Amino acid sequence: MTEQKIYSKVGEALAKGEFVLTGELEPEKTCDLSHTIQEAKEMAPYVHAANVTDSPLAIVTINSLAASHIIQEATGIETVWQLTVRDCNKIGLAGMIMGAEALGINNVLSLCGDHTALGDCPESKPVFDMDSATLIQLVREMVDTGSINGKEIEHPPKMHVGGAANPNADPMEAEILKIGRKAEAGCEFIQTQVVYDLDRTIEFLEGIQKYKVPIFLGIFPMKSYGIAKGFDMFVPGVDVPKEILARWKSVKTDISDKAQQKEAYDQLNYEFFKPFISELKSKNLLAGVHCMAVHYTRIFPKLVDVIKA
Amino acid sequence: MVVITTKKPFEEVLDTLKNINRITIVSCATCAALCQTGGTEGAKEMSEKLKEKGFDITTVVVSEDVCDNRVMMKDLRKIDEELSNTDAILTLACGLGVQSVIKVLKKKHPELPVFTANNTEFIGMTERIGRFYKRCAGCGDCLLNETGGICPITTCAKGLMNGPCGGMVKGKCEVGNYEKDCGWVLIYERLKELGRLDLFSKLRAPRDWSESGHQQEVIFR
Ligand code: SF4
Ligand code: SF4
C-alpha cells in the first residue's frame, strides 16, 4: 500500500506498519441492531476496526452495508464491510460500493459467500456473476481509476479492499496460487480463516509471502467448552486440536463457580494464543490479527496483550 | 451427447391432461429412449397407464428425432388423419421435442395442445445407460483449453472463474455435504499433472454475459 492512499484507520495502520487488531460483528435476523451495537461499543477501545458479516452460511440477515453504516454511526468504531458475490451481479455490487462510500464505509472485505443451497432460502438463485478475486479488481478499478468499464464516476469511492485465505485448505498449493490471483487483482490485505495448527499456518503464510500482501490471522478464542466443541463439530475444515478441547473440558468439569470458569477460559485462550501469535510475529508473517469470536468481547483486553510482541 | 430427461410425476401429467380424453403420444427414440423416458418402451408404458386412467390413446408415434423439425414434419404427416381425431399430444421427449412438435403442427393443427411428460435436466455425458453427467452447459465461450479439460461452469457449484472457494474441504465441495469433488481442485490436479499450473495461476475475468441474450441461435447457412 503506497502512502498517499489512506482511506481508513486500517489503511493508516498498515501504512505505518502498526500491528492491526480487528473484531467481528455478526448482525442477526433482526432489523434492530442494538445487541450488535452493544458489542461494537465493548470492543471499540481495543480494535482498529470490526468486520460486519454478510449473511454467513447464506442465512438471511440484515444487509451488511446498512448494518456497517448504522454500527459506525452509533459507536464510532470503524467497520470492515463484508461483501459476498453470492447475491448480486456486477451492477448490484458496483452500486453498493458507491453506496458504501456515500455512507462512510472505507474498508471492504471481498468474499465469495457460502452457497445459497446451504442457507435458509435454498431456492434462491446463486448469482456468482463475479468471484472474490474479480470483486477485488472491481473495487480497485473504481477506487484507483475513478471509473467503471472506462466510464467515469463523478465522485469515486475511496476504500481499501481485502480478501480471504484459508491456511487449512487441502490441497494447500491450490489455495496459495489462488492468493496470487487475489494479489494480482489488487488485494490490500488478507484475512485468514480460523487457525489452530501452527505448523500448517507457518507453511501457508510462508507460501504466500511472495505476494507481499499484509496478513491478518484469523483466530477464534473459545468462550466455553460448549462453543469450542460446537466450533470443532460444525465449522467444516477447521479442527480444534484434541488437547485443546480437553483443556477446555476440564474447566467445565473442574470449576463450578461461573465467575471462576470465565476467568479460567479467558486464561486458557491467553495461554494458547500468546505463544502462537508470538511465533508468527517473530517470523514476520503477520500484519495483524482478526478475532472472529462473536459475543465474546470481554476477551479483547487480553487479546491486546496477546498481540504485543 | 444426450439431452437428459427424467419423468415428471405421473400425478402431474394427469393434472395437465385434465378435461382431455383422446391422446396422441409422440415418443423420442433417441435421447429419451436412452433415459428411459421415451422410446418404444416408454410409449407403451405411458399408453397403458393412461388407458388405466380411462384415456383413449388415439395413436402412438415413435420418432427418431423429435427435436428435428424435418423428421417431425415427415412423421406427423403420416398420422394427419388421426390428429384430427385427438384432443392433445403428449410428448415423451425433451423440451426441444415438445417445441418442435408445436412448431411443425402450427399450420395444420394450431388448435392442438402439446404437452410433455418429462423434465429436461441437462445435456449429459454418458458413462453407461442410467448414468449421465452434466459436464457442459453450452456456455458459448469454452474454457476447457485453459482448465485442463475440466469445465468450471458445471463442475464448480458456483460456476466460479477463480476457484477454489472457501467452501472446499479436503478437495470436496460445500454443496452436497462434501460428497462431490470440488471442480477447482480437479482443475488444479489436472493442470498440475500437465505441468500447466501457470494456467491455474491466471486471474480470469468474469464470464461475459453480453452475448448470452435472448432466443439464441446459430445460423451459418
Ligand atoms: S466451459 Fe464448460 S459450459 Fe462452457 S462450453 Fe466449455 S464445457 Fe461447456
Ligand atoms: S468448493 Fe469448489 S466446486 Fe464447490 S463452490 Fe467452491 S470452488 Fe466451486
# chains A, B, ... in the order shown; residues from 1 in each chain; ligands from 1

call {"tool": "residues_around", "arguments": {"residues": "Cys112 in chain A", "least_positions_apart": "6", "cutoff": "8 Å", "atoms": "only C-alpha atoms", "output": "PyMOL selection string"}}
result
(chain A and resi 84-86+128+131-132) or (chain B and resi 165-166)

call {"tool": "write_last_selection", "arguments": {"atoms": "C-alpha atoms", "output": "tab-separated table (two decimals), in the first residue's frame"}}
result
chain	number	residue	atom	x	y	z
A	84	THR	CA	-20.10	-11.53	-0.94
A	85	VAL	CA	-20.56	-12.10	-4.67
A	86	ARG	CA	-23.34	-14.59	-3.94
A	128	PHE	CA	-21.76	-15.55	-8.60
A	131	ASP	CA	-15.87	-14.03	-7.76
A	132	SER	CA	-13.91	-12.86	-4.75
B	165	CYS	CA	-13.59	-21.03	-2.87
B	166	GLY	CA	-13.51	-21.18	0.91

call {"tool": "interface_residues", "arguments": {"of": "chain A", "to": "chain B", "cutoff": "10 Å", "atoms": "only C-alpha atoms", "output": "JSON, numbers by chain"}}
result
{"A": [86, 90, 111, 112, 113, 114, 115, 116, 117, 118, 126, 127, 128, 129, 130, 131, 132, 133, 134, 135, 137, 164, 165, 166, 168, 169, 170, 171, 172, 173, 174, 175, 176, 177, 178, 179, 180, 181, 182, 183, 184, 185, 193, 236, 237, 238]}

call {"tool": "write_last_selection", "arguments": {"atoms": "C-alpha atoms", "output": "compact mmCIF listing (two decimals), in the first residue's frame"}}
result
# COMPACT_ATOMS: atom_id res chain seq x y z
CA ARG A 86 -23.34 -14.59 -3.94
CA LYS A 90 -21.67 -6.67 -11.12
CA LEU A 111 -15.83 -12.77 -0.17
CA CYS A 112 -17.33 -15.48 -2.30
CA GLY A 113 -20.03 -16.31 0.23
CA ASP A 114 -21.47 -19.65 1.24
CA HIS A 115 -23.62 -21.22 -1.46
CA THR A 116 -27.33 -20.42 -1.38
CA ALA A 117 -28.07 -24.14 -1.08
CA LEU A 118 -26.61 -24.11 2.44
CA PRO A 126 -26.93 -18.27 -6.64
CA VAL A 127 -25.57 -15.27 -8.55
CA PHE A 128 -21.76 -15.55 -8.60
CA ASP A 129 -21.53 -13.23 -11.58
CA MET A 130 -18.12 -12.23 -10.22
CA ASP A 131 -15.87 -14.03 -7.76
CA SER A 132 -13.91 -12.86 -4.75
CA ALA A 133 -10.82 -12.07 -6.86
CA THR A 134 -12.61 -10.14 -9.59
CA LEU A 135 -14.60 -8.20 -6.99
CA GLN A 137 -10.32 -5.97 -9.06
CA ALA A 164 -9.84 -14.10 2.49
CA ALA A 165 -7.46 -17.06 2.60
CA ASN A 166 -7.70 -20.46 4.17
CA ASN A 168 -6.31 -25.10 6.42
CA ALA A 169 -7.07 -25.66 2.72
CA ASP A 170 -6.09 -29.02 1.33
CA PRO A 171 -4.58 -29.06 -1.29
CA MET A 172 -2.68 -26.08 0.06
CA GLU A 173 -0.87 -25.24 -3.18
CA ALA A 174 -4.17 -24.52 -4.95
CA GLU A 175 -5.04 -22.05 -2.17
CA ILE A 176 -1.62 -20.41 -2.33
CA LEU A 177 -1.90 -19.91 -6.09
CA LYS A 178 -5.38 -18.51 -5.59
CA ILE A 179 -3.97 -15.88 -3.22
CA GLY A 180 -1.58 -14.99 -6.04
CA ARG A 181 -4.62 -14.17 -8.18
CA LYS A 182 -6.08 -12.01 -5.43
CA ALA A 183 -2.77 -10.20 -5.09
CA GLU A 184 -2.71 -9.61 -8.83
CA ALA A 185 -6.25 -8.25 -8.55
CA GLN A 193 -9.80 -18.46 8.13
CA PRO A 236 -16.08 -27.63 8.15
CA GLY A 237 -12.38 -27.87 7.52
CA VAL A 238 -11.28 -26.42 10.85

call {"tool": "residues_around", "arguments": {"residues": "Met292 in chain A", "least_positions_apart": "3", "cutoff": "8 Å", "atoms": "only C-alpha atoms", "output": "JSON, numbers by chain"}}
result
{"A": [23, 24, 194, 218, 219, 220, 221]}

call {"tool": "residues_around", "arguments": {"residues": "range 132-143 of chain B", "least_positions_apart": "4", "cutoff": "10 Å", "atoms": "only C-alpha atoms", "output": "MDAnalysis selection string"}}
result
chainID B and resid 1:4 35 121:128 147:155 161 207:209 211:212

call {"tool": "residues_around", "arguments": {"residues": "His155 in chain A", "least_positions_apart": "3", "cutoff": "10 Å", "atoms": "only C-alpha atoms", "output": "number ranges by chain"}}
result
A: 98, 101-102, 143, 146-147, 152, 158
